[in-house]
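A.B. asks: Okay, so here is data-v2.txt, and as you'll see once you scroll down, it has compact mmCIF, C-alpha atoms.
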# COMPACT_ATOMS: atom_id res chain seq x y z
CA MET S 265 107.28 142.62 124.44
CA ARG S 266 104.05 141.39 122.86
CA ALA S 267 105.87 138.32 121.51
CA PHE S 268 107.07 137.52 125.01
CA TRP S 269 103.57 137.57 126.47
CA LEU S 270 102.18 135.56 123.60
CA PHE S 271 104.87 132.99 124.25
CA MET S 272 103.89 132.94 127.92
CA LEU S 273 100.26 132.48 126.90
CA PHE S 274 100.99 129.48 124.70
CA ALA S 275 103.24 128.02 127.37
CA SER S 276 100.51 128.35 129.98
CA VAL S 277 97.90 126.88 127.65
CA ALA S 278 100.16 123.93 126.80
CA TRP S 279 100.82 123.40 130.49
CA ALA S 280 97.08 123.38 131.17
CA GLU S 281 96.45 120.95 128.30
CA SER S 282 95.85 117.89 130.44
CA GLY S 283 92.98 119.25 132.57
CA SER S 284 90.93 121.35 130.19
CA GLN S 285 91.54 119.07 127.20
CA LYS S 286 90.20 116.09 129.13
CA THR S 287 87.01 117.95 129.98
CA GLN S 288 86.68 119.03 126.35
CA ASN S 289 86.95 115.42 125.20
CA VAL S 290 84.20 114.42 127.62
CA LEU S 291 81.96 117.16 126.22
CA GLN S 292 82.58 115.99 122.67
CA ARG S 293 81.60 112.46 123.70
CA ASP S 294 78.69 113.17 126.06
CA PHE S 295 76.91 116.05 124.33
CA GLN S 296 74.94 116.07 121.08
CA ALA S 297 73.87 118.69 118.57
CA ARG S 298 70.26 119.76 118.89
CA GLY S 299 68.52 122.41 116.79
CA GLN S 300 70.71 125.43 116.34
CA ALA S 301 72.96 124.35 119.25
CA THR S 302 75.55 122.53 117.18
CA MET S 303 78.56 120.67 118.59
CA ASP S 304 81.07 123.38 117.64
CA ARG S 305 79.63 125.30 120.61
CA ALA S 306 80.99 122.64 122.98
CA ALA S 307 84.57 123.28 121.84
CA GLN S 308 86.31 125.98 123.85
CA ASP S 309 87.92 128.88 122.05
CA GLY S 310 91.25 130.22 123.38
CA LEU S 311 89.58 132.82 125.58
CA GLN S 312 87.16 130.36 127.20
CA ARG S 313 90.04 128.00 127.85
CA LEU S 314 92.29 130.64 129.40
CA CYS S 315 89.45 131.92 131.61
CA THR S 316 88.60 128.37 132.73
CA GLU S 317 92.23 127.50 133.44
CA SER S 318 92.94 130.72 135.34
CA GLY S 319 89.71 130.70 137.35
CA ASP S 320 88.71 133.89 135.48
CA LYS S 321 91.89 135.61 136.68
CA PRO S 322 94.26 135.62 133.70
CA PRO S 323 97.67 137.33 134.05
CA ALA S 324 97.11 141.07 133.42
CA GLU S 325 99.59 141.34 130.54
CA ILE S 326 98.09 138.38 128.69
CA ALA S 327 94.58 139.72 129.30
CA LYS S 328 95.58 143.07 127.76
CA VAL S 329 96.83 141.39 124.57
CA LEU S 330 93.77 139.20 124.21
CA GLU S 331 91.33 142.02 125.00
CA ALA S 332 92.91 143.97 122.13
CA ASP S 333 92.26 140.94 119.87
CA GLN S 334 88.62 140.84 121.00
CA MET S 335 88.33 144.59 120.29
CA LYS S 336 89.22 143.88 116.65
CA THR S 337 86.12 141.66 116.32
CA ILE S 338 83.81 144.65 116.90
CA ALA S 339 82.43 146.21 113.72
CA PHE S 340 81.32 149.73 114.70
CA PRO S 341 78.67 151.15 112.32
CA ALA S 342 79.24 154.67 111.02
CA GLY S 343 77.22 157.58 112.42
CA SER S 344 75.11 157.74 115.56
CA LEU S 345 74.95 154.48 117.50
CA ILE S 346 71.77 155.49 119.32
CA GLY S 347 68.84 153.45 117.99
CA ASP S 348 65.21 153.26 119.09
CA TRP S 349 64.99 152.85 122.89
CA ARG S 350 61.43 151.46 122.62
CA ARG S 351 62.64 148.57 120.51
CA GLY S 352 65.68 148.36 122.81
CA GLU S 353 63.41 147.86 125.82
CA ARG S 354 61.68 144.92 124.11
CA ILE S 355 65.05 143.37 123.21
CA ALA S 356 66.25 143.85 126.82
CA GLN S 357 63.11 142.16 128.15
CA SER S 358 63.32 139.07 125.93
CA GLY S 359 65.29 136.08 127.17
CA ALA S 360 64.62 134.10 124.01
CA GLY S 361 67.21 133.13 121.43
CA ALA S 362 70.24 130.95 120.74
CA THR S 363 69.04 127.88 122.69
CA TRP S 364 68.29 124.52 121.08
CA SER S 365 64.57 125.16 121.62
CA ASP S 366 64.60 128.53 119.82
CA ARG S 367 63.97 128.46 116.09
CA ALA S 368 67.03 129.57 114.15
CA GLY S 369 66.55 132.78 112.19
CA VAL S 370 63.99 134.28 114.59
CA PRO S 371 65.40 137.50 116.12
CA ALA S 372 66.81 136.84 119.59
CA GLY S 373 66.43 138.86 122.75
CA GLY S 374 69.32 140.24 124.78
CA SER S 375 68.30 138.73 128.16
CA CYS S 376 69.45 142.06 129.66
CA TYR S 377 66.96 142.13 132.56
CA ASN S 378 68.06 138.64 133.58
CA CYS S 379 71.21 140.25 135.03
CA HIS S 380 70.78 144.06 135.04
CA GLN S 381 68.42 146.67 136.40
CA LEU S 382 67.49 149.07 133.59
CA SER S 383 64.12 150.83 133.46
CA PRO S 384 62.78 151.73 136.93
CA ARG S 385 59.39 150.47 135.72
CA GLU S 386 60.67 146.88 135.61
CA ALA S 387 60.87 145.49 139.16
CA SER S 388 61.84 141.97 138.07
CA TYR S 389 65.51 142.36 137.25
CA GLY S 390 68.57 140.23 138.00
CA THR S 391 71.69 141.23 139.90
CA LEU S 392 74.47 139.17 138.28
CA GLY S 393 75.56 142.34 136.47
CA PRO S 394 75.67 145.94 137.76
CA SER S 395 72.56 148.12 137.83
CA LEU S 396 72.32 150.25 134.69
CA LEU S 397 69.59 152.51 136.06
CA GLY S 398 70.42 156.09 135.04
CA PHE S 399 73.28 154.89 132.80
CA GLY S 400 73.07 157.73 130.27
CA LYS S 401 72.02 160.35 132.80
CA LEU S 402 75.26 159.78 134.67
CA ARG S 403 77.55 159.45 131.64
CA GLY S 404 76.02 161.50 128.85
CA ALA S 405 75.67 160.36 125.25
CA SER S 406 78.93 161.51 123.65
CA PRO S 407 80.26 159.62 120.60
CA GLU S 408 82.85 157.98 122.89
CA MET S 409 80.13 156.81 125.31
CA GLN S 410 78.02 155.49 122.41
CA ARG S 411 81.05 153.57 121.16
CA TYR S 412 81.74 152.16 124.61
CA ALA S 413 78.14 151.00 125.14
CA TYR S 414 77.95 149.50 121.63
CA GLY S 415 81.30 147.74 121.97
CA LYS S 416 80.54 146.41 125.45
CA ILE S 417 77.30 144.79 124.25
CA TYR S 418 78.89 143.53 121.02
CA ASN S 419 81.85 141.93 122.78
CA ALA S 420 82.13 142.40 126.56
CA LYS S 421 85.39 140.45 126.55
CA ALA S 422 87.17 143.30 124.76
CA TYR S 423 86.88 145.30 127.99
CA ASN S 424 87.20 142.57 130.61
CA LEU S 425 88.58 139.31 129.24
CA CYS S 426 86.81 136.89 131.58
CA SER S 427 83.60 138.90 132.06
CA GLN S 428 80.54 136.69 132.61
CA MET S 429 78.60 138.76 130.07
CA PRO S 430 78.01 137.01 126.72
CA ARG S 431 79.59 138.42 123.55
CA LEU S 432 76.14 139.24 122.15
CA GLY S 433 77.26 140.63 118.80
CA HIS S 434 80.32 138.47 118.30
CA SER S 435 78.34 135.27 119.01
CA GLY S 436 75.77 136.25 116.40
CA THR S 437 72.97 136.50 118.98
CA LEU S 438 72.09 140.15 118.31
CA THR S 439 72.30 142.13 115.07
CA SER S 440 74.05 145.46 114.72
CA GLU S 441 70.62 147.16 114.52
CA GLN S 442 69.46 145.48 117.75
CA ILE S 443 72.61 146.58 119.56
CA ARG S 444 72.04 150.17 118.40
CA ASP S 445 68.52 149.96 119.88
CA LEU S 446 70.01 148.76 123.19
CA VAL S 447 72.48 151.66 123.12
CA GLY S 448 69.42 153.87 122.69
CA LEU S 449 67.83 152.31 125.76
CA LEU S 450 70.99 153.06 127.74
CA LEU S 451 71.85 156.53 126.43
CA ASP S 452 68.81 158.27 124.96
CA PRO S 453 67.72 161.02 127.39
CA ALA S 454 64.10 160.02 126.64
CA SER S 455 64.69 156.38 127.61
CA PRO S 456 63.03 155.24 130.88
CA VAL S 457 66.52 154.19 132.02
CA ASN S 458 67.41 157.90 132.30
CA GLN S 459 64.25 159.23 133.93
CA MET H 292 62.18 170.19 138.67
CA VAL H 293 62.26 170.31 142.45
CA ALA H 294 59.19 168.09 142.63
CA ARG H 295 60.82 165.64 140.26
CA ALA H 296 64.03 165.50 142.29
CA PHE H 297 61.97 164.99 145.42
CA ALA H 298 60.04 162.12 143.81
CA LEU H 299 63.33 160.54 142.76
CA LEU H 300 64.65 160.88 146.29
CA LEU H 301 61.52 159.24 147.65
CA ALA H 302 61.86 156.40 145.16
CA ILE H 303 65.48 155.83 146.18
CA ALA H 304 64.57 155.85 149.86
CA ALA H 305 61.70 153.42 149.27
CA ALA H 306 63.67 151.03 147.04
CA PRO H 307 65.29 148.84 149.75
CA ALA H 308 61.94 148.55 151.54
CA LEU H 309 60.29 147.48 148.28
CA ALA H 310 62.99 144.88 147.66
CA GLN H 311 62.45 143.56 151.21
CA ASP H 312 58.71 143.34 150.65
CA ALA H 313 59.22 141.51 147.36
CA LYS H 314 61.55 139.02 149.04
CA LYS H 315 59.01 138.39 151.82
CA GLU H 316 56.25 137.94 149.26
CA ILE H 317 58.33 135.38 147.37
CA GLN H 318 59.08 133.48 150.59
CA ARG H 319 55.38 133.48 151.46
CA TYR H 320 54.57 132.17 147.99
CA GLN H 321 57.19 129.43 148.33
CA ARG H 322 55.70 128.29 151.66
CA MET H 323 52.24 128.31 150.14
CA ILE H 324 53.17 126.14 147.15
CA ALA H 325 55.12 123.71 149.38
CA GLU H 326 52.01 123.13 151.52
CA GLY H 327 49.81 122.21 148.60
CA SER H 328 52.37 120.17 146.68
CA PRO H 329 51.09 117.41 144.40
CA ALA H 330 54.51 115.63 144.57
CA GLU H 331 52.85 112.87 146.60
CA LEU H 332 50.61 111.93 143.68
CA TYR H 333 53.69 111.20 141.58
CA GLU H 334 55.16 109.14 144.41
CA LEU H 335 52.03 106.98 144.50
CA GLU H 336 52.07 106.47 140.74
CA GLY H 337 55.76 105.56 140.93
CA GLU H 338 55.18 103.11 143.76
CA ALA H 339 52.62 101.21 141.68
CA LEU H 340 54.97 101.05 138.71
CA TRP H 341 57.93 99.99 140.88
CA LYS H 342 55.95 97.18 142.49
CA LYS H 343 54.68 96.02 139.12
CA SER H 344 57.97 95.89 137.18
CA PHE H 345 61.01 96.90 139.24
CA GLU H 346 61.13 94.53 142.23
CA GLN H 347 64.28 92.97 140.74
CA CYS H 348 66.01 96.33 140.19
CA ASP H 349 69.06 96.81 142.45
CA LEU H 350 69.62 100.47 143.33
CA GLY H 351 72.72 99.60 145.35
CA GLN H 352 71.07 98.27 148.52
CA GLY H 353 69.93 94.92 147.09
CA ALA H 354 67.27 93.84 144.59
CA GLY H 355 64.02 95.74 145.12
CA VAL H 356 65.28 97.72 148.14
CA VAL H 357 64.22 101.36 147.92
CA LYS H 358 64.50 102.42 151.58
CA GLY H 359 67.46 104.84 151.80
CA ALA H 360 68.72 103.94 148.32
CA TYR H 361 68.35 107.40 146.78
CA ALA H 362 70.42 109.10 149.51
CA ARG H 363 73.39 106.89 148.58
CA LEU H 364 73.37 107.82 144.90
CA PRO H 365 75.19 108.49 142.64
CA ARG H 366 77.52 105.57 143.31
CA TYR H 367 79.65 102.98 141.53
CA PHE H 368 77.89 99.81 140.32
CA LYS H 369 80.09 96.80 139.76
CA ASP H 370 77.72 95.08 137.29
CA ALA H 371 77.85 98.10 134.99
CA ASP H 372 81.41 99.12 135.92
CA ARG H 373 80.46 102.77 136.11
CA VAL H 374 79.06 105.45 138.38
CA MET H 375 75.27 105.85 138.09
CA ASP H 376 72.69 108.25 139.39
CA LEU H 377 69.10 107.16 139.99
CA GLU H 378 67.86 107.70 136.46
CA THR H 379 70.92 106.05 134.89
CA ARG H 380 70.37 103.04 137.13
CA LEU H 381 66.66 102.88 136.29
CA LEU H 382 67.57 102.94 132.60
CA HIS H 383 70.02 100.10 133.26
CA CYS H 384 67.24 98.06 134.93
CA MET H 385 64.86 98.72 132.02
CA THR H 386 67.33 97.63 129.36
CA VAL H 387 69.71 95.06 130.88
CA GLN H 388 67.22 93.51 133.33
CA GLN H 389 63.85 93.91 131.64
CA GLY H 390 65.27 93.42 128.15
CA ARG H 391 63.73 96.55 126.68
CA THR H 392 65.57 98.18 123.80
CA SER H 393 67.38 101.39 124.63
CA GLN H 394 65.28 103.12 121.96
CA ASP H 395 62.11 102.02 123.73
CA ALA H 396 63.34 102.92 127.22
CA THR H 397 64.52 106.39 126.18
CA ARG H 398 61.56 107.28 123.96
CA ARG H 399 59.93 109.49 126.60
CA LEU H 400 62.45 110.45 129.27
CA PHE H 401 60.84 113.77 130.19
CA GLY H 402 57.06 114.03 130.39
CA ASN H 403 54.78 117.01 129.90
CA ASP H 404 52.04 118.69 131.92
CA ASP H 405 49.58 116.19 130.52
CA ARG H 406 51.38 113.04 131.60
CA ALA H 407 54.58 112.38 133.56
CA SER H 408 57.24 109.98 132.28
CA GLU H 409 58.15 106.60 133.81
CA MET H 410 61.47 108.13 134.95
CA GLU H 411 59.67 110.96 136.70
CA VAL H 412 57.19 108.90 138.70
CA LEU H 413 59.83 106.29 139.59
CA SER H 414 62.21 109.08 140.70
CA ALA H 415 59.45 110.56 142.86
CA TYR H 416 58.77 107.25 144.59
CA VAL H 417 62.38 106.14 145.09
CA ALA H 418 63.55 109.57 146.31
CA GLY H 419 60.63 109.79 148.74
CA GLN H 420 61.79 106.52 150.31
CA SER H 421 64.96 108.33 151.49
CA ARG H 422 63.20 111.04 153.51
CA GLY H 423 65.14 111.65 156.68
CA VAL H 424 68.24 109.83 155.39
CA ARG H 425 71.46 111.86 155.14
CA LEU H 426 72.90 112.29 151.64
CA ALA H 427 75.92 109.98 151.31
CA PRO H 428 76.87 109.51 147.64
CA GLY H 429 79.74 107.18 146.73
CA ALA H 430 83.21 108.52 147.47
CA SER H 431 85.58 105.56 147.87
CA HIS H 432 85.81 103.74 144.53
CA PRO H 433 88.42 105.17 142.11
CA LYS H 434 85.68 105.73 139.51
CA GLU H 435 83.66 107.69 142.07
CA LYS H 436 86.67 109.88 142.80
CA GLU H 437 87.26 110.33 139.09
CA ALA H 438 83.61 111.26 138.50
CA TYR H 439 83.69 113.79 141.35
CA GLU H 440 86.75 115.49 139.80
CA LEU H 441 85.11 115.50 136.37
CA GLY H 442 81.93 116.98 137.84
CA ARG H 443 83.90 119.74 139.53
CA ALA H 444 85.81 120.48 136.31
CA LEU H 445 82.52 120.62 134.36
CA PHE H 446 81.05 123.01 136.92
CA PHE H 447 83.75 125.59 136.19
CA HIS H 448 84.23 124.81 132.48
CA ARG H 449 83.35 127.81 130.28
CA ALA H 450 82.05 127.01 126.80
CA GLY H 451 79.10 127.52 124.48
CA ALA H 452 77.78 130.44 122.46
CA TRP H 453 77.56 132.61 125.59
CA ASP H 454 80.82 131.55 127.33
CA PHE H 455 79.00 130.26 130.42
CA SER H 456 80.03 127.73 133.04
CA CYS H 457 77.70 126.60 135.83
CA ALA H 458 79.58 129.08 138.03
CA SER H 459 78.61 132.00 135.78
CA CYS H 460 75.23 131.94 137.54
CA HIS H 461 75.92 129.71 140.56
CA GLY H 462 79.31 131.12 141.58
CA GLU H 463 78.57 134.15 143.73
CA ALA H 464 76.33 134.61 146.77
CA ASP H 465 73.27 136.88 146.88
CA LYS H 466 72.80 137.09 143.12
CA ARG H 467 69.65 136.44 141.16
CA ILE H 468 68.27 136.05 137.62
CA ARG H 469 65.22 138.28 137.41
CA MET H 470 63.64 137.56 140.85
CA GLN H 471 65.04 134.04 141.19
CA ASP H 472 67.76 133.63 143.86
CA LEU H 473 70.82 131.67 142.68
CA PRO H 474 72.44 129.16 145.03
CA VAL H 475 76.26 128.88 144.96
CA LEU H 476 76.19 125.16 144.26
CA SER H 477 79.90 124.58 144.82
CA LYS H 478 79.46 125.55 148.50
CA PRO H 479 77.87 123.17 151.03
CA GLN H 480 75.58 125.69 152.74
CA PHE H 481 73.92 126.43 149.37
CA ALA H 482 74.07 122.93 147.83
CA ARG H 483 72.51 121.26 150.90
CA PRO H 484 68.95 122.64 150.76
CA VAL H 485 68.91 122.32 146.95
CA MET H 486 70.10 118.73 146.66
CA ALA H 487 67.91 117.66 149.58
CA THR H 488 64.78 118.67 147.65
CA TRP H 489 65.38 117.40 144.08
CA PRO H 490 63.62 115.75 142.29
CA ALA H 491 60.70 118.14 142.64
CA TYR H 492 57.31 119.30 141.51
CA ARG H 493 57.82 122.54 139.60
CA VAL H 494 54.88 124.91 139.76
CA SER H 495 56.00 127.03 136.79
CA ASN H 496 55.87 123.94 134.54
CA SER H 497 53.03 122.13 136.41
CA GLN H 498 55.27 119.07 136.13
CA PHE H 499 57.38 116.74 138.20
CA LYS H 500 61.05 117.27 137.29
CA THR H 501 64.13 115.10 137.83
CA MET H 502 67.81 115.93 138.30
CA GLN H 503 68.67 114.77 134.77
CA TRP H 504 66.09 117.26 133.52
CA ARG H 505 67.48 120.02 135.74
CA ILE H 506 70.98 119.58 134.32
CA ASN H 507 69.63 119.26 130.77
CA ASP H 508 67.66 122.49 131.02
CA CYS H 509 70.56 124.41 132.58
CA TYR H 510 72.74 123.51 129.58
CA ARG H 511 69.91 124.55 127.25
CA GLN H 512 69.85 127.98 128.85
CA MET H 513 73.65 128.11 128.75
CA ARG H 514 73.26 127.95 124.93
CA MET H 515 75.20 124.69 124.86
CA PRO H 516 74.47 121.54 122.83
CA GLU H 517 72.42 118.91 124.69
CA PRO H 518 73.98 116.64 127.32
CA LYS H 519 73.10 113.02 126.57
CA PHE H 520 70.74 111.44 129.11
CA ALA H 521 72.60 109.31 131.70
CA SER H 522 75.98 110.25 130.19
CA GLU H 523 79.11 110.20 132.34
CA ALA H 524 79.16 114.00 132.23
CA THR H 525 75.65 114.39 133.69
CA VAL H 526 76.25 111.73 136.37
CA ALA H 527 79.60 113.33 137.29
CA LEU H 528 77.99 116.73 137.71
CA ASN H 529 75.21 115.20 139.82
CA LEU H 530 77.83 113.42 141.98
CA PHE H 531 79.78 116.66 142.46
CA LEU H 532 76.63 118.52 143.54
CA THR H 533 75.36 115.73 145.81
CA SER H 534 78.82 115.33 147.37
CA THR H 535 78.87 119.05 148.10
CA ALA H 536 75.56 118.56 149.94
CA ARG H 537 76.85 115.47 151.79
CA GLY H 538 75.30 114.92 155.24
CA GLU H 539 72.09 116.86 154.61
CA PRO H 540 68.98 114.86 155.54
CA TYR H 541 66.94 114.25 152.39
CA ARG H 542 63.50 115.88 152.58
CA GLY H 543 62.14 115.72 149.02
CA PRO H 544 60.61 115.35 146.59
CA GLY H 545 60.38 119.10 146.90
CA THR H 546 58.25 121.83 145.40
CA LYS H 547 59.91 124.54 143.35
CA ARG H 548 58.55 127.81 142.04
Represent the structure of the file as structure tokens.

C.D. replies:
Amino acid sequence: MRAFWLFMLFASVAWAESGSQKTQNVLQRDFQARGQATMDRAAQDGLQRLCTESGDKPPAEIAKVLEADQMKTIAFPAGSLIGDWRRGERIAQSGAGATWSDRAGVPAGGSCYNCHQLSPREASYGTLGPSLLGFGKLRGASPEMQRYAYGKIYNAKAYNLCSQMPRLGHSGTLTSEQIRDLVGLLLDPASPVNQ
Amino acid sequence: MVARAFALLLAIAAAPALAQDAKKEIQRYQRMIAEGSPAELYELEGEALWKKSFEQCDLGQGAGVVKGAYARLPRYFKDADRVMDLETRLLHCMTVQQGRTSQDATRRLFGNDDRASEMEVLSAYVAGQSRGVRLAPGASHPKEKEAYELGRALFFHRAGAWDFSCASCHGEADKRIRMQDLPVLSKPQFARPVMATWPAYRVSNSQFKTMQWRINDCYRQMRMPEPKFASEATVALNLFLTSTARGEPYRGPGTKR
């Protein structure tokens, strides 16, 4: 069954070759590396290509297979995944990191407030993603919930293939420790998110 | 406990009102900054520079003609055999016509809050000379059609360290980043007011900013490599956006937050 869907995937990608490949060639010609933003970033990976070609609506069976592949990229640390919510709040606030004007090697932020409501004390939050106000209060902090929150931040595409949320761990933007701190911000009962 | 629940209830009830107030405050702020815009100062500086060195530059309406020229860009130019936006055409005039080296002409494309660039003041002046003219970018030449299609493809093309396309932020109505509203730029009703007011004075940078800069800085925030100035990709994207705003009377240079 899996082989069949993989075949369908490759067939659909090959069929789409002309459009997406042409755009990719233009990017390789018209863009240039700058700072840490090197040209390999302009090349689409399979997931980006499939999401582009399908208008972010990939066939469900193909999505399931590829989400499972994305899940394998997540390295879950052992033990509690709840880090320090105070550090998590600072990471959530910061929109710095991973651009050509950011110095490589300096810890990045998660840009979380750009798209999500989190702490009720922060009134300047974006709405591209769902509100996460009361996230842990509503869901608890069980090992399963910790794993879900950690995995979702590490690689959102493992849960929803064409999600608009960046793969913050997989892309190397955030460290494992930073993601644990964000899980703390979401799940710790003492976190402002859950007040 | 009861008091706490009550406070929470109050906060929930008050939240939509607060959001409304914030929105009104932002609109008031936007009106205020538009009234005191220094965009005119850049137009004047650009006019002096144009009259000094660019009277032979053909923006598509004949040598030296600036009236209504901006509203008809980007368009195909036969002498260069490619589609050009305003800044690409200005660069063409600087190098091909004035004989400056490309290295010299591109040394300082974007200015800073201390001093604007040539491109910025010229853009301010030329764009201002299209006030009241409806946006009508090129749409008939095969290369214009090709550029439009490329621009549309780029708009929805997901790539980069964060998997973004333009549509990741500009694809859905009533969304915002932090407090900043996001226009759905592939839809005319959203593209019109935006494209009718670029280039613009940007209060948050205290600088005059051009469309090439706008596209450049979007890609920076998308965690992509840098689009080359005046490249086919940037002009195609500009043509796609301007075509989506087709028919809107130009009323810039604008003032942005």

A.B. asks: Kindly provide, as a PyMOL selection string, the polymer residues lying within 12 Å of (69.3, 123.7, 122.7), counting all atoms listed in the file and using the coordinates exactly as they appear in the file.

C.D. replies: (chain S and resi 295-303+305-306+360-368) or (chain H and resi 451-452+507-519)

A.B. asks: Please report the interatomic distance between CA of Lys500 in chain H and CA of Gly402 in chain H in Å with one decimal.

C.D. replies: 8.6 Å

A.B. asks: Within 9 Å of chain H, which residues of chain S show up? Give each one with its shortest atom-to-atom distance in Å (one decimal) and the two atoms involved, counting all atoms listed in the file, rows by chain then rising residue number, as a tab-separated table.

C.D. replies:
residue	atom	partner	partner_atom	distance
S:Gly283	CA	H:Ala444	CA	8.2
S:Ser284	CA	H:His448	CA	7.9
S:Lys286	CA	H:Leu441	CA	8.9
S:Thr287	CA	H:Leu445	CA	6.8
S:Gln288	CA	H:His448	CA	8.8
S:Val290	CA	H:Ala524	CA	6.8
S:Leu291	CA	H:Ala524	CA	7.3
S:Arg293	CA	H:Ser522	CA	8.9
S:Asp294	CA	H:Lys519	CA	5.6
S:Phe295	CA	H:Pro518	CA	4.2
S:Gln296	CA	H:Glu517	CA	5.2
S:Ala297	CA	H:Pro516	CA	5.2
S:Arg298	CA	H:Pro516	CA	6.0
S:Gly299	CA	H:Pro516	CA	8.5
S:Gln300	CA	H:Pro516	CA	8.4
S:Ala301	CA	H:Pro516	CA	4.8
S:Thr302	CA	H:Pro516	CA	5.8
S:Met303	CA	H:Pro516	CA	6.0
S:Asp304	CA	H:Gly451	CA	8.2
S:Arg305	CA	H:Gly451	CA	4.5
S:Ala306	CA	H:Gly451	CA	5.4
S:Ala307	CA	H:Ala450	CA	6.7
S:Gln308	CA	H:Ala450	CA	5.3
S:Asp309	CA	H:Ala450	CA	7.8
S:Gln312	CA	H:Arg449	CA	5.5
S:Arg313	CA	H:Arg449	CA	7.1
S:Cys315	CA	H:Arg449	CA	7.5
S:Thr316	CA	H:His448	CA	5.6
S:Glu317	CA	H:His448	CA	8.5
S:Gly319	CA	H:Phe447	CA	7.9
S:Gly361	CA	H:Arg514	CA	8.7
S:Ala362	CA	H:Arg514	CA	6.0
S:Thr363	CA	H:Arg514	CA	4.8
S:Trp364	CA	H:Arg511	CA	6.4
S:Ser365	CA	H:Arg511	CA	7.8
S:Tyr377	CA	H:Arg469	CA	6.4
S:Asn378	CA	H:Arg469	CA	4.8
S:Cys379	CA	H:Ile468	CA	5.7
S:His380	CA	H:Arg469	CA	8.4
S:Ala387	CA	H:Met470	CA	8.6
S:Ser388	CA	H:Arg469	CA	5.0
S:Tyr389	CA	H:Arg469	CA	4.1
S:Gly390	CA	H:Arg469	CA	3.9
S:Thr391	CA	H:Arg467	CA	5.4
S:Leu392	CA	H:Lys466	CA	5.5
S:Gly393	CA	H:Lys466	CA	8.9
S:Gln428	CA	H:Ser459	CA	6.0
S:Met429	CA	H:Trp453	CA	7.7
S:Pro430	CA	H:Trp453	CA	4.6
S:Arg431	CA	H:Trp453	CA	6.5
S:Leu432	CA	H:Trp453	CA	7.6
S:Ser435	CA	H:Ala452	CA	6.0
S:Gly436	CA	H:Ala452	CA	8.6
S:Thr437	CA	H:Ala452	CA	8.5
S:Gln459	CA	H:Leu299	CA	9.0

A.B. asks: Please produce an output containing C-alpha atoms for each residue in the selection, written as an mmCIF file, keeping the file's coordinate frame.

C.D. replies:
data_model
loop_
_atom_site.group_PDB
_atom_site.id
_atom_site.type_symbol
_atom_site.label_atom_id
_atom_site.label_comp_id
_atom_site.auth_asym_id
_atom_site.auth_seq_id
_atom_site.Cartn_x
_atom_site.Cartn_y
_atom_site.Cartn_z
ATOM 1 C CA GLY S 283 92.980 119.250 132.570
ATOM 2 C CA SER S 284 90.930 121.350 130.190
ATOM 3 C CA LYS S 286 90.200 116.090 129.130
ATOM 4 C CA THR S 287 87.010 117.950 129.980
ATOM 5 C CA GLN S 288 86.680 119.030 126.350
ATOM 6 C CA VAL S 290 84.200 114.420 127.620
ATOM 7 C CA LEU S 291 81.960 117.160 126.220
ATOM 8 C CA ARG S 293 81.600 112.460 123.700
ATOM 9 C CA ASP S 294 78.690 113.170 126.060
ATOM 10 C CA PHE S 295 76.910 116.050 124.330
ATOM 11 C CA GLN S 296 74.940 116.070 121.080
ATOM 12 C CA ALA S 297 73.870 118.690 118.570
ATOM 13 C CA ARG S 298 70.260 119.760 118.890
ATOM 14 C CA GLY S 299 68.520 122.410 116.790
ATOM 15 C CA GLN S 300 70.710 125.430 116.340
ATOM 16 C CA ALA S 301 72.960 124.350 119.250
ATOM 17 C CA THR S 302 75.550 122.530 117.180
ATOM 18 C CA MET S 303 78.560 120.670 118.590
ATOM 19 C CA ASP S 304 81.070 123.380 117.640
ATOM 20 C CA ARG S 305 79.630 125.300 120.610
ATOM 21 C CA ALA S 306 80.990 122.640 122.980
ATOM 22 C CA ALA S 307 84.570 123.280 121.840
ATOM 23 C CA GLN S 308 86.310 125.980 123.850
ATOM 24 C CA ASP S 309 87.920 128.880 122.050
ATOM 25 C CA GLN S 312 87.160 130.360 127.200
ATOM 26 C CA ARG S 313 90.040 128.000 127.850
ATOM 27 C CA CYS S 315 89.450 131.920 131.610
ATOM 28 C CA THR S 316 88.600 128.370 132.730
ATOM 29 C CA GLU S 317 92.230 127.500 133.440
ATOM 30 C CA GLY S 319 89.710 130.700 137.350
ATOM 31 C CA GLY S 361 67.210 133.130 121.430
ATOM 32 C CA ALA S 362 70.240 130.950 120.740
ATOM 33 C CA THR S 363 69.040 127.880 122.690
ATOM 34 C CA TRP S 364 68.290 124.520 121.080
ATOM 35 C CA SER S 365 64.570 125.160 121.620
ATOM 36 C CA TYR S 377 66.960 142.130 132.560
ATOM 37 C CA ASN S 378 68.060 138.640 133.580
ATOM 38 C CA CYS S 379 71.210 140.250 135.030
ATOM 39 C CA HIS S 380 70.780 144.060 135.040
ATOM 40 C CA ALA S 387 60.870 145.490 139.160
ATOM 41 C CA SER S 388 61.840 141.970 138.070
ATOM 42 C CA TYR S 389 65.510 142.360 137.250
ATOM 43 C CA GLY S 390 68.570 140.230 138.000
ATOM 44 C CA THR S 391 71.690 141.230 139.900
ATOM 45 C CA LEU S 392 74.470 139.170 138.280
ATOM 46 C CA GLY S 393 75.560 142.340 136.470
ATOM 47 C CA GLN S 428 80.540 136.690 132.610
ATOM 48 C CA MET S 429 78.600 138.760 130.070
ATOM 49 C CA PRO S 430 78.010 137.010 126.720
ATOM 50 C CA ARG S 431 79.590 138.420 123.550
ATOM 51 C CA LEU S 432 76.140 139.240 122.150
ATOM 52 C CA SER S 435 78.340 135.270 119.010
ATOM 53 C CA GLY S 436 75.770 136.250 116.400
ATOM 54 C CA THR S 437 72.970 136.500 118.980
ATOM 55 C CA GLN S 459 64.250 159.230 133.930
#
